[in-house]
Amino acid sequence: MAYQTDIRESTRIGFARGETEGRGRVLFAAREPGRLLVVTDATPAHPVSLRWPDQPSDMGTLSWAGASQKISEALTGFANSETGELHIAEDAKALGRVGAEWVSIVVHVLDGEAANVPAPGTEVEIAIDADHRGKLSAAHTAAHLSAFALNRALASFWTKEGATVDSLGAPDFDKEAIVSSQLSPEGATDIYRLGKSLRKKGFDQETATGGLPAITDAVNATLATWLAQPADVTLEPAESLLDTRRIWRCLLDSRPAEMFCAGTHVANLSSLAAASVTIARTEDGLPMKTIVRTA
C-alpha cells in the first residue's frame, strides 16, 4: 500500500548519538486496523532496517496534546522526494533497488486505536525504552568485537591473498562469508556460509572446521583482552539522516577498528562486563553465537 504525503527528506535520527528522548514534528499520520502510523521529521527511534534487519526496533512512547501512545515498533519506509509517495516495511522492500529520489523514513507504529491522530505540524515527544535499547546496543557492539576476533583467529587458514582485509589487517572472513545476523537482548547469532566461493579465495575451510574448539578459545581470549582495555565506541557521523552511511569505530589493541553499521551501540566497552562465543559446524554453515553480559 502506498500513501501520498508531503515528505521530501530522510528522517533526522538521534540514535547514532545514543539519544533515547527527542522531539519531532509530524509529517504524516494514518490509521490502519489496530494501529496508528506516525512519521516525524526527527526521532531518536531506531527502526528495523530493510537491507540488513539484524537489530530489532526500538520501543517506547510518543506523546502529544496530553495523549501518550505506546510505540510497539519502528519500521523503515521509502518516500519519493519528488512525489511524496510513501511505502512502508515490506511494501518498501518490494520496490527493490531504488534510485536517489527515494529517501529512507522512520515510521513509528503505535499500538491500538488512538483517541486522535496528530495532524501534520504537531510537535510530539518521543521517548525510547532505554533498557531495551541498552541491551540491544551491548549485543551489537559485542557482535562487532566477535567478528574482528573471529577474523583474527581464522587468519592462518587463508592460503592465498585475495580476500578483503579488515581494518585491523586480518582477512575479513566476516565480510566474505556472513549471510545473516540476528541480535537479541542476550547477544547475537551470525551465520557464515562455507563453500566454493571461499575455497577459490584461498580459505581452507576443512582444516578450519576441524579445529573449531581451538578457534573458539582464541576468539574468547581476544574478547577478554579487548574488554579489559575499555575504549570509546562511536558512530560517525553522529549528526545524520537515516539515509546516511555511518561508520562504527573503536580502538582495539590501540588500533582503530571500523566497519559500516546502521545500528546502535554502547558508548564505551566498559559497558560490557563479559562476552563469549560458541562456534559450531551445521548444515546451515558456521553459526557463531555471542553471549554478552552488561556491566
# chains A, B, ... in the order shown; residues from 1 in each chain; ligands from 1
>>> select_by_dssp(residues="region 95-124 of chain A", states="strand (DSSP E or B)", output="PDB file with N, CA, C and O atoms, in the first residue's frame")
ATOM      1  N   TRP A 102      14.475   8.304  -3.882  1.00  0.00           N
ATOM      2  CA  TRP A 102      13.801   7.669  -2.748  1.00  0.00           C
ATOM      3  C   TRP A 102      14.642   7.865  -1.492  1.00  0.00           C
ATOM      4  O   TRP A 102      15.839   7.570  -1.474  1.00  0.00           O
ATOM      5  N   VAL A 103      14.013   8.361  -0.432  1.00  0.00           N
ATOM      6  CA  VAL A 103      14.714   8.608   0.825  1.00  0.00           C
ATOM      7  C   VAL A 103      14.146   7.703   1.919  1.00  0.00           C
ATOM      8  O   VAL A 103      12.966   7.338   1.895  1.00  0.00           O
ATOM      9  N   SER A 104      14.992   7.349   2.894  1.00  0.00           N
ATOM     10  CA  SER A 104      14.594   6.441   3.970  1.00  0.00           C
ATOM     11  C   SER A 104      13.898   7.216   5.093  1.00  0.00           C
ATOM     12  O   SER A 104      14.340   8.301   5.485  1.00  0.00           O
ATOM     13  N   ILE A 105      12.854   6.609   5.626  1.00  0.00           N
ATOM     14  CA  ILE A 105      11.998   7.253   6.618  1.00  0.00           C
ATOM     15  C   ILE A 105      11.785   6.325   7.813  1.00  0.00           C
ATOM     16  O   ILE A 105      11.638   5.120   7.643  1.00  0.00           O
ATOM     17  N   VAL A 106      11.775   6.886   9.026  1.00  0.00           N
ATOM     18  CA  VAL A 106      11.398   6.135  10.219  1.00  0.00           C
ATOM     19  C   VAL A 106       9.880   6.254  10.405  1.00  0.00           C
ATOM     20  O   VAL A 106       9.337   7.360  10.439  1.00  0.00           O
ATOM     21  N   VAL A 107       9.214   5.108  10.515  1.00  0.00           N
ATOM     22  CA  VAL A 107       7.764   5.081  10.713  1.00  0.00           C
ATOM     23  C   VAL A 107       7.490   4.507  12.097  1.00  0.00           C
ATOM     24  O   VAL A 107       7.806   3.343  12.376  1.00  0.00           O
ATOM     25  N   HIS A 108       6.906   5.312  12.979  1.00  0.00           N
ATOM     26  CA  HIS A 108       6.543   4.844  14.318  1.00  0.00           C
ATOM     27  C   HIS A 108       5.200   4.131  14.246  1.00  0.00           C
ATOM     28  O   HIS A 108       4.231   4.683  13.694  1.00  0.00           O
ATOM     29  N   VAL A 109       5.141   2.931  14.799  1.00  0.00           N
ATOM     30  CA  VAL A 109       3.895   2.165  14.833  1.00  0.00           C
ATOM     31  C   VAL A 109       3.347   2.226  16.252  1.00  0.00           C
ATOM     32  O   VAL A 109       3.983   1.733  17.196  1.00  0.00           O
ATOM     33  N   LEU A 110       2.183   2.843  16.413  1.00  0.00           N
ATOM     34  CA  LEU A 110       1.559   2.987  17.731  1.00  0.00           C
ATOM     35  C   LEU A 110       0.483   1.926  17.901  1.00  0.00           C
ATOM     36  O   LEU A 110      -0.334   1.701  16.997  1.00  0.00           O
ATOM     37  N   ASP A 111       0.481   1.290  19.070  1.00  0.00           N
ATOM     38  CA  ASP A 111      -0.472   0.222  19.350  1.00  0.00           C
ATOM     39  C   ASP A 111      -1.891   0.731  19.493  1.00  0.00           C
ATOM     40  O   ASP A 111      -2.129   1.844  19.996  1.00  0.00           O
ATOM     41  N   GLU A 123       3.801  19.104  17.182  1.00  0.00           N
ATOM     42  CA  GLU A 123       5.042  18.764  17.871  1.00  0.00           C
ATOM     43  C   GLU A 123       4.783  17.601  18.830  1.00  0.00           C
ATOM     44  O   GLU A 123       3.834  17.632  19.613  1.00  0.00           O
ATOM     45  N   VAL A 124       5.605  16.560  18.746  1.00  0.00           N
ATOM     46  CA  VAL A 124       5.435  15.388  19.597  1.00  0.00           C
ATOM     47  C   VAL A 124       6.721  15.116  20.358  1.00  0.00           C
ATOM     48  O   VAL A 124       7.812  15.529  19.950  1.00  0.00           O
TER      49      VAL A 124
END
>>> select_by_dssp(residues="region 82-262 of chain A", states="alpha helix (DSSP H)", output="PyMOL selection string")
chain A and resi 90-93+130-153+173-177+196-200+205-210+212-227
>>> residues_around(residues="Trp52 (chain A)", least_positions_apart="5", cutoff="10 Å", atoms="only C-alpha atoms", output="PDB file with C-alpha atoms, in the first residue's frame")
ATOM      1  CA  VAL A 179      24.798 -14.442   5.269  1.00  0.00           C
ATOM      2  CA  SER A 180      22.657 -13.405   8.234  1.00  0.00           C
ATOM      3  CA  SER A 181      22.859 -11.832  11.659  1.00  0.00           C
ATOM      4  CA  GLN A 182      20.271 -11.560  14.404  1.00  0.00           C
ATOM      5  CA  CYS A 261      26.912  -0.042  10.646  1.00  0.00           C
ATOM      6  CA  ALA A 262      23.339   1.229  10.767  1.00  0.00           C
ATOM      7  CA  GLY A 263      22.593   0.088  14.326  1.00  0.00           C
TER       8      GLY A 263
END
>>> closest_residue(among="A:Ser68, A:Thr207, A:Thr159, A:Ser146", to="Ala221 (chain A)", atoms="only C-alpha atoms")
A:Ser146
>>> closest_residue(among="A:Asn151, A:Thr244, A:Thr5, A:Asn268", to="Thr294 (chain A)", atoms="only C-alpha atoms")
A:Asn268
>>> closest_residue(among="A:Leu50, A:Ile7, A:Ala16, A:Val219", to="Ala267 (chain A)", atoms="only C-alpha atoms")
A:Ala16
>>> residues_around(residues="region 22-31 of chain A", least_positions_apart="3", cutoff="8 Å", atoms="only C-alpha atoms", output="number ranges by chain")
A: 5-7, 14, 19, 34-44, 117-127
>>> closest_residue(among="A:Glu101, A:Asp217, A:Glu258, A:Glu90", to="Val233 (chain A)", atoms="only C-alpha atoms")
A:Glu258
>>> atom_distance(atom1="CA of His140 (chain A)", atom2="CA of Val266 (chain A)")
8.4 Å
>>> residues_around(residues="Ser184 (chain A)", least_positions_apart="4", cutoff="9 Å", atoms="only C-alpha atoms", output="list in words")
Asp54, Gln55, Pro56, Lys135, Leu136, Ala139, His140, Ala188 and Thr189 of chain A
>>> write_last_selection(atoms="N, CA, C and O atoms", output="tab-separated table (two decimals), in the first residue's frame")
chain	number	residue	atom	x	y	z
A	54	ASP	N	19.16	-6.93	11.17
A	54	ASP	CA	19.75	-7.68	12.28
A	54	ASP	C	19.28	-7.19	13.64
A	54	ASP	O	19.10	-7.99	14.56
A	55	GLN	N	19.07	-5.89	13.79
A	55	GLN	CA	18.72	-5.34	15.10
A	55	GLN	C	17.23	-5.07	15.18
A	55	GLN	O	16.68	-4.31	14.38
A	56	PRO	N	16.55	-5.66	16.17
A	56	PRO	CA	15.12	-5.35	16.38
A	56	PRO	C	14.93	-3.86	16.64
A	56	PRO	O	15.85	-3.16	17.09
A	135	LYS	N	20.38	-2.97	26.00
A	135	LYS	CA	20.73	-4.38	25.83
A	135	LYS	C	21.03	-4.70	24.37
A	135	LYS	O	21.97	-5.44	24.06
A	136	LEU	N	20.24	-4.14	23.46
A	136	LEU	CA	20.49	-4.37	22.04
A	136	LEU	C	21.80	-3.71	21.60
A	136	LEU	O	22.55	-4.27	20.79
A	139	ALA	N	24.61	-5.91	22.73
A	139	ALA	CA	24.70	-7.09	21.86
A	139	ALA	C	25.33	-6.73	20.53
A	139	ALA	O	26.15	-7.50	19.99
A	140	HIS	N	24.99	-5.55	19.99
A	140	HIS	CA	25.52	-5.16	18.69
A	140	HIS	C	27.02	-4.88	18.77
A	140	HIS	O	27.80	-5.31	17.91
A	188	ALA	N	24.00	-12.25	20.12
A	188	ALA	CA	23.87	-12.23	18.66
A	188	ALA	C	24.15	-13.61	18.09
A	188	ALA	O	24.91	-14.40	18.68
A	189	THR	N	23.53	-13.89	16.94
A	189	THR	CA	23.82	-15.10	16.19
A	189	THR	C	24.17	-14.70	14.77
A	189	THR	O	23.35	-14.10	14.06
>>> closest_residue(among="A:Gly96, A:Pro171, A:Pro185, A:Gly18", to="Glu236 (chain A)", atoms="only C-alpha atoms")
A:Gly18
>>> residues_around(residues="Ala273 (chain A)", least_positions_apart="3", cutoff="8 Å", atoms="only C-alpha atoms", output="short mmCIF file (atom, residue, chain, number, x, y, z; two decimals) with C-alpha atoms, in the first residue's frame")
data_model
loop_
_atom_site.label_atom_id
_atom_site.label_comp_id
_atom_site.auth_asym_id
_atom_site.auth_seq_id
_atom_site.Cartn_x
_atom_site.Cartn_y
_atom_site.Cartn_z
CA LEU A 227 37.16 -5.88 27.23
CA SER A 270 33.30 -0.63 29.89
CA VAL A 292 27.03 -10.69 26.30
CA ARG A 293 26.72 -9.58 29.92
CA THR A 294 26.44 -5.88 30.68
CA ALA A 295 28.32 -4.18 33.48
#
>>> closest_residue(among="A:Leu154, A:Lys70, A:Glu9, A:Ala231", to="Ala218 (chain A)", atoms="only C-alpha atoms")
A:Leu154
>>> residues_around(residues="Gln69 (chain A)", least_positions_apart="3", cutoff="9 Å", atoms="only C-alpha atoms", output="list in words")
Gly60, Thr61, Leu62, Ser63, Trp64, Leu110, Asp111, Gly112 and Ala114 of chain A
>>> write_last_selection(atoms="N, CA, C and O atoms", output="PDB file, in the first residue's frame")
ATOM      1  N   GLY A  60       8.853   2.298  22.757  1.00  0.00           N
ATOM      2  CA  GLY A  60       8.793   3.482  23.606  1.00  0.00           C
ATOM      3  C   GLY A  60       7.418   4.094  23.605  1.00  0.00           C
ATOM      4  O   GLY A  60       6.407   3.396  23.495  1.00  0.00           O
ATOM      5  N   THR A  61       7.381   5.420  23.715  1.00  0.00           N
ATOM      6  CA  THR A  61       6.107   6.145  23.716  1.00  0.00           C
ATOM      7  C   THR A  61       6.225   7.396  22.855  1.00  0.00           C
ATOM      8  O   THR A  61       7.307   7.977  22.715  1.00  0.00           O
ATOM      9  N   LEU A  62       5.109   7.782  22.286  1.00  0.00           N
ATOM     10  CA  LEU A  62       5.002   9.025  21.529  1.00  0.00           C
ATOM     11  C   LEU A  62       3.861   9.823  22.132  1.00  0.00           C
ATOM     12  O   LEU A  62       2.744   9.304  22.290  1.00  0.00           O
ATOM     13  N   SER A  63       4.134  11.066  22.517  1.00  0.00           N
ATOM     14  CA  SER A  63       3.165  11.875  23.256  1.00  0.00           C
ATOM     15  C   SER A  63       2.895  13.190  22.548  1.00  0.00           C
ATOM     16  O   SER A  63       3.807  13.807  21.981  1.00  0.00           O
ATOM     17  N   TRP A  64       1.628  13.628  22.594  1.00  0.00           N
ATOM     18  CA  TRP A  64       1.243  14.917  22.018  1.00  0.00           C
ATOM     19  C   TRP A  64      -0.091  15.342  22.609  1.00  0.00           C
ATOM     20  O   TRP A  64      -0.954  14.516  22.894  1.00  0.00           O
ATOM     21  N   LEU A 110       2.183   2.843  16.413  1.00  0.00           N
ATOM     22  CA  LEU A 110       1.559   2.987  17.731  1.00  0.00           C
ATOM     23  C   LEU A 110       0.483   1.926  17.901  1.00  0.00           C
ATOM     24  O   LEU A 110      -0.334   1.701  16.997  1.00  0.00           O
ATOM     25  N   ASP A 111       0.481   1.290  19.070  1.00  0.00           N
ATOM     26  CA  ASP A 111      -0.472   0.222  19.350  1.00  0.00           C
ATOM     27  C   ASP A 111      -1.891   0.731  19.493  1.00  0.00           C
ATOM     28  O   ASP A 111      -2.129   1.844  19.996  1.00  0.00           O
ATOM     29  N   GLY A 112      -2.873  -0.093  19.091  1.00  0.00           N
ATOM     30  CA  GLY A 112      -4.279   0.163  19.390  1.00  0.00           C
ATOM     31  C   GLY A 112      -4.886   1.297  18.606  1.00  0.00           C
ATOM     32  O   GLY A 112      -4.309   1.852  17.679  1.00  0.00           O
ATOM     33  N   ALA A 114      -5.809   4.884  18.599  1.00  0.00           N
ATOM     34  CA  ALA A 114      -5.541   6.170  19.249  1.00  0.00           C
ATOM     35  C   ALA A 114      -6.812   7.018  19.286  1.00  0.00           C
ATOM     36  O   ALA A 114      -7.626   6.993  18.359  1.00  0.00           O
TER      37      ALA A 114
END
>>> decode(residues="region 5-155 of chain A", atoms="C-alpha atoms", output="PDB file, in the first residue's frame")
ATOM      1  CA  THR A   5       2.472  12.541   1.672  1.00  0.00           C
ATOM      2  CA  ASP A   6       4.402  15.796   1.734  1.00  0.00           C
ATOM      3  CA  ILE A   7       7.614  14.029   2.860  1.00  0.00           C
ATOM      4  CA  ARG A   8      10.629  15.079   0.826  1.00  0.00           C
ATOM      5  CA  GLU A   9      13.654  14.356   3.063  1.00  0.00           C
ATOM      6  CA  SER A  10      15.078  11.447   5.036  1.00  0.00           C
ATOM      7  CA  THR A  11      14.366  11.372   8.786  1.00  0.00           C
ATOM      8  CA  ARG A  12      16.868  13.126  11.081  1.00  0.00           C
ATOM      9  CA  ILE A  13      17.928  10.491  13.617  1.00  0.00           C
ATOM     10  CA  GLY A  14      19.315  10.786  17.141  1.00  0.00           C
ATOM     11  CA  PHE A  15      20.141   7.143  17.894  1.00  0.00           C
ATOM     12  CA  ALA A  16      23.646   7.473  16.422  1.00  0.00           C
ATOM     13  CA  ARG A  17      24.374   9.893  19.293  1.00  0.00           C
ATOM     14  CA  GLY A  18      22.830   7.484  21.786  1.00  0.00           C
ATOM     15  CA  GLU A  19      19.691   9.584  22.295  1.00  0.00           C
ATOM     16  CA  THR A  20      16.653   7.923  23.836  1.00  0.00           C
ATOM     17  CA  GLU A  21      14.497  11.066  24.068  1.00  0.00           C
ATOM     18  CA  GLY A  22      13.671  13.652  21.468  1.00  0.00           C
ATOM     19  CA  ARG A  23      11.103  15.830  19.777  1.00  0.00           C
ATOM     20  CA  GLY A  24       9.774  15.840  16.257  1.00  0.00           C
ATOM     21  CA  ARG A  25       7.231  17.496  14.011  1.00  0.00           C
ATOM     22  CA  VAL A  26       4.595  15.239  12.491  1.00  0.00           C
ATOM     23  CA  LEU A  27       4.861  14.952   8.713  1.00  0.00           C
ATOM     24  CA  PHE A  28       2.351  12.152   8.201  1.00  0.00           C
ATOM     25  CA  ALA A  29      -0.075  10.052  10.255  1.00  0.00           C
ATOM     26  CA  ALA A  30      -2.577   7.408   9.221  1.00  0.00           C
ATOM     27  CA  ARG A  31      -4.798   4.848  10.862  1.00  0.00           C
ATOM     28  CA  GLU A  32      -4.552   1.211   9.921  1.00  0.00           C
ATOM     29  CA  PRO A  33      -6.567  -1.605  11.535  1.00  0.00           C
ATOM     30  CA  GLY A  34      -5.400  -1.829  15.138  1.00  0.00           C
ATOM     31  CA  ARG A  35      -2.572   0.662  14.825  1.00  0.00           C
ATOM     32  CA  LEU A  36      -1.531   4.209  14.013  1.00  0.00           C
ATOM     33  CA  LEU A  37       1.407   5.114  11.788  1.00  0.00           C
ATOM     34  CA  VAL A  38       3.282   8.344  12.526  1.00  0.00           C
ATOM     35  CA  VAL A  39       6.223   9.870  10.647  1.00  0.00           C
ATOM     36  CA  THR A  40       8.129  12.796  12.145  1.00  0.00           C
ATOM     37  CA  ASP A  41      10.915  14.939  10.746  1.00  0.00           C
ATOM     38  CA  ALA A  42      13.244  13.838  13.582  1.00  0.00           C
ATOM     39  CA  THR A  43      13.302  10.970  16.059  1.00  0.00           C
ATOM     40  CA  PRO A  44      15.592   9.099  18.478  1.00  0.00           C
ATOM     41  CA  ALA A  45      13.917   5.800  17.454  1.00  0.00           C
ATOM     42  CA  HIS A  46      15.988   3.146  15.703  1.00  0.00           C
ATOM     43  CA  PRO A  47      13.915   1.258  13.103  1.00  0.00           C
ATOM     44  CA  VAL A  48      14.305  -2.231  11.699  1.00  0.00           C
ATOM     45  CA  SER A  49      16.493  -1.970   8.615  1.00  0.00           C
ATOM     46  CA  LEU A  50      15.181  -3.122   5.245  1.00  0.00           C
ATOM     47  CA  ARG A  51      18.604  -4.028   3.873  1.00  0.00           C
ATOM     48  CA  TRP A  52      20.110  -5.800   6.904  1.00  0.00           C
ATOM     49  CA  PRO A  53      17.413  -6.418   9.565  1.00  0.00           C
ATOM     50  CA  ASP A  54      19.750  -7.683  12.279  1.00  0.00           C
ATOM     51  CA  GLN A  55      18.723  -5.339  15.095  1.00  0.00           C
ATOM     52  CA  PRO A  56      15.119  -5.349  16.379  1.00  0.00           C
ATOM     53  CA  SER A  57      13.486  -1.950  16.505  1.00  0.00           C
ATOM     54  CA  ASP A  58      13.244   0.346  19.471  1.00  0.00           C
ATOM     55  CA  MET A  59      10.081   0.557  21.565  1.00  0.00           C
ATOM     56  CA  GLY A  60       8.793   3.482  23.606  1.00  0.00           C
ATOM     57  CA  THR A  61       6.107   6.145  23.716  1.00  0.00           C
ATOM     58  CA  LEU A  62       5.002   9.025  21.529  1.00  0.00           C
ATOM     59  CA  SER A  63       3.165  11.875  23.256  1.00  0.00           C
ATOM     60  CA  TRP A  64       1.243  14.917  22.018  1.00  0.00           C
ATOM     61  CA  ALA A  65      -1.506  17.222  23.288  1.00  0.00           C
ATOM     62  CA  GLY A  66      -1.869  15.342  26.567  1.00  0.00           C
ATOM     63  CA  ALA A  67      -2.075  11.967  24.851  1.00  0.00           C
ATOM     64  CA  SER A  68       0.547   9.234  25.058  1.00  0.00           C
ATOM     65  CA  GLN A  69       0.646   6.098  22.922  1.00  0.00           C
ATOM     66  CA  LYS A  70       2.964   3.095  23.054  1.00  0.00           C
ATOM     67  CA  ILE A  71       5.411   2.702  20.163  1.00  0.00           C
ATOM     68  CA  SER A  72       5.329  -1.048  19.565  1.00  0.00           C
ATOM     69  CA  GLU A  73       7.928  -0.918  16.805  1.00  0.00           C
ATOM     70  CA  ALA A  74       9.703   1.406  14.414  1.00  0.00           C
ATOM     71  CA  LEU A  75       9.766   0.492  10.738  1.00  0.00           C
ATOM     72  CA  THR A  76      11.683   1.756   7.732  1.00  0.00           C
ATOM     73  CA  GLY A  77       9.873   3.253   4.765  1.00  0.00           C
ATOM     74  CA  PHE A  78      10.851   4.766   1.426  1.00  0.00           C
ATOM     75  CA  ALA A  79       9.441   8.143   0.397  1.00  0.00           C
ATOM     76  CA  ASN A  80       9.803   9.582  -3.073  1.00  0.00           C
ATOM     77  CA  SER A  81      11.411  13.009  -2.627  1.00  0.00           C
ATOM     78  CA  GLU A  82       9.799  14.233  -5.850  1.00  0.00           C
ATOM     79  CA  THR A  83       6.227  12.998  -5.397  1.00  0.00           C
ATOM     80  CA  GLY A  84       5.885  12.249  -1.653  1.00  0.00           C
ATOM     81  CA  GLU A  85       4.749   8.676  -2.330  1.00  0.00           C
ATOM     82  CA  LEU A  86       5.428   6.586   0.799  1.00  0.00           C
ATOM     83  CA  HIS A  87       5.897   2.813   1.040  1.00  0.00           C
ATOM     84  CA  ILE A  88       6.402   1.112   4.406  1.00  0.00           C
ATOM     85  CA  ALA A  89       8.289  -2.020   5.528  1.00  0.00           C
ATOM     86  CA  GLU A  90       7.626  -4.966   3.181  1.00  0.00           C
ATOM     87  CA  ASP A  91       5.929  -2.713   0.629  1.00  0.00           C
ATOM     88  CA  ALA A  92       9.078  -0.583   0.598  1.00  0.00           C
ATOM     89  CA  LYS A  93      11.293  -3.657   0.318  1.00  0.00           C
ATOM     90  CA  ALA A  94       9.225  -4.835  -2.660  1.00  0.00           C
ATOM     91  CA  LEU A  95      10.356  -1.745  -4.571  1.00  0.00           C
ATOM     92  CA  GLY A  96      13.745  -3.418  -4.918  1.00  0.00           C
ATOM     93  CA  ARG A  97      16.755  -1.294  -5.794  1.00  0.00           C
ATOM     94  CA  VAL A  98      15.560   2.312  -5.739  1.00  0.00           C
ATOM     95  CA  GLY A  99      17.034   5.479  -7.192  1.00  0.00           C
ATOM     96  CA  ALA A 100      18.386   8.560  -5.452  1.00  0.00           C
ATOM     97  CA  GLU A 101      14.918  10.141  -5.440  1.00  0.00           C
ATOM     98  CA  TRP A 102      13.801   7.669  -2.748  1.00  0.00           C
ATOM     99  CA  VAL A 103      14.714   8.608   0.825  1.00  0.00           C
ATOM    100  CA  SER A 104      14.594   6.441   3.970  1.00  0.00           C
ATOM    101  CA  ILE A 105      11.998   7.253   6.618  1.00  0.00           C
ATOM    102  CA  VAL A 106      11.398   6.135  10.219  1.00  0.00           C
ATOM    103  CA  VAL A 107       7.764   5.081  10.713  1.00  0.00           C
ATOM    104  CA  HIS A 108       6.543   4.844  14.318  1.00  0.00           C
ATOM    105  CA  VAL A 109       3.895   2.165  14.833  1.00  0.00           C
ATOM    106  CA  LEU A 110       1.559   2.987  17.731  1.00  0.00           C
ATOM    107  CA  ASP A 111      -0.472   0.222  19.350  1.00  0.00           C
ATOM    108  CA  GLY A 112      -4.279   0.163  19.390  1.00  0.00           C
ATOM    109  CA  GLU A 113      -6.842   2.716  18.367  1.00  0.00           C
ATOM    110  CA  ALA A 114      -5.541   6.170  19.249  1.00  0.00           C
ATOM    111  CA  ALA A 115      -8.156   8.599  20.501  1.00  0.00           C
ATOM    112  CA  ASN A 116      -6.954  11.138  17.979  1.00  0.00           C
ATOM    113  CA  VAL A 117      -4.496  11.354  15.141  1.00  0.00           C
ATOM    114  CA  PRO A 118      -1.799  14.048  15.363  1.00  0.00           C
ATOM    115  CA  ALA A 119      -2.165  16.476  12.486  1.00  0.00           C
ATOM    116  CA  PRO A 120       0.806  17.367  10.278  1.00  0.00           C
ATOM    117  CA  GLY A 121       2.833  20.059  12.019  1.00  0.00           C
ATOM    118  CA  THR A 122       2.050  18.798  15.531  1.00  0.00           C
ATOM    119  CA  GLU A 123       5.042  18.764  17.871  1.00  0.00           C
ATOM    120  CA  VAL A 124       5.435  15.388  19.597  1.00  0.00           C
ATOM    121  CA  GLU A 125       7.732  13.962  22.259  1.00  0.00           C
ATOM    122  CA  ILE A 126       9.338  10.600  21.657  1.00  0.00           C
ATOM    123  CA  ALA A 127      10.786   8.511  24.490  1.00  0.00           C
ATOM    124  CA  ILE A 128      12.577   5.224  23.826  1.00  0.00           C
ATOM    125  CA  ASP A 129      12.768   2.287  26.244  1.00  0.00           C
ATOM    126  CA  ALA A 130      16.356   2.881  27.366  1.00  0.00           C
ATOM    127  CA  ASP A 131      16.776  -0.541  28.993  1.00  0.00           C
ATOM    128  CA  HIS A 132      15.708  -2.386  25.827  1.00  0.00           C
ATOM    129  CA  ARG A 133      17.902  -0.135  23.670  1.00  0.00           C
ATOM    130  CA  GLY A 134      20.858  -0.586  26.011  1.00  0.00           C
ATOM    131  CA  LYS A 135      20.735  -4.378  25.828  1.00  0.00           C
ATOM    132  CA  LEU A 136      20.490  -4.370  22.036  1.00  0.00           C
ATOM    133  CA  SER A 137      23.342  -1.864  21.824  1.00  0.00           C
ATOM    134  CA  ALA A 138      25.521  -4.067  24.026  1.00  0.00           C
ATOM    135  CA  ALA A 139      24.699  -7.088  21.864  1.00  0.00           C
ATOM    136  CA  HIS A 140      25.523  -5.159  18.686  1.00  0.00           C
ATOM    137  CA  THR A 141      28.866  -3.927  19.990  1.00  0.00           C
ATOM    138  CA  ALA A 142      29.747  -7.425  21.188  1.00  0.00           C
ATOM    139  CA  ALA A 143      28.838  -8.834  17.764  1.00  0.00           C
ATOM    140  CA  HIS A 144      31.298  -6.456  16.080  1.00  0.00           C
ATOM    141  CA  LEU A 145      34.034  -7.390  18.537  1.00  0.00           C
ATOM    142  CA  SER A 146      33.355 -11.078  17.897  1.00  0.00           C
ATOM    143  CA  ALA A 147      33.592 -10.529  14.142  1.00  0.00           C
ATOM    144  CA  PHE A 148      37.015  -8.897  14.440  1.00  0.00           C
ATOM    145  CA  ALA A 149      38.180 -11.582  16.880  1.00  0.00           C
ATOM    146  CA  LEU A 150      36.967 -14.323  14.526  1.00  0.00           C
ATOM    147  CA  ASN A 151      38.810 -12.753  11.594  1.00  0.00           C
ATOM    148  CA  ARG A 152      41.994 -12.790  13.665  1.00  0.00           C
ATOM    149  CA  ALA A 153      41.515 -16.392  14.799  1.00  0.00           C
ATOM    150  CA  LEU A 154      40.959 -17.566  11.199  1.00  0.00           C
ATOM    151  CA  ALA A 155      43.814 -15.586   9.624  1.00  0.00           C
TER     152      ALA A 155
END
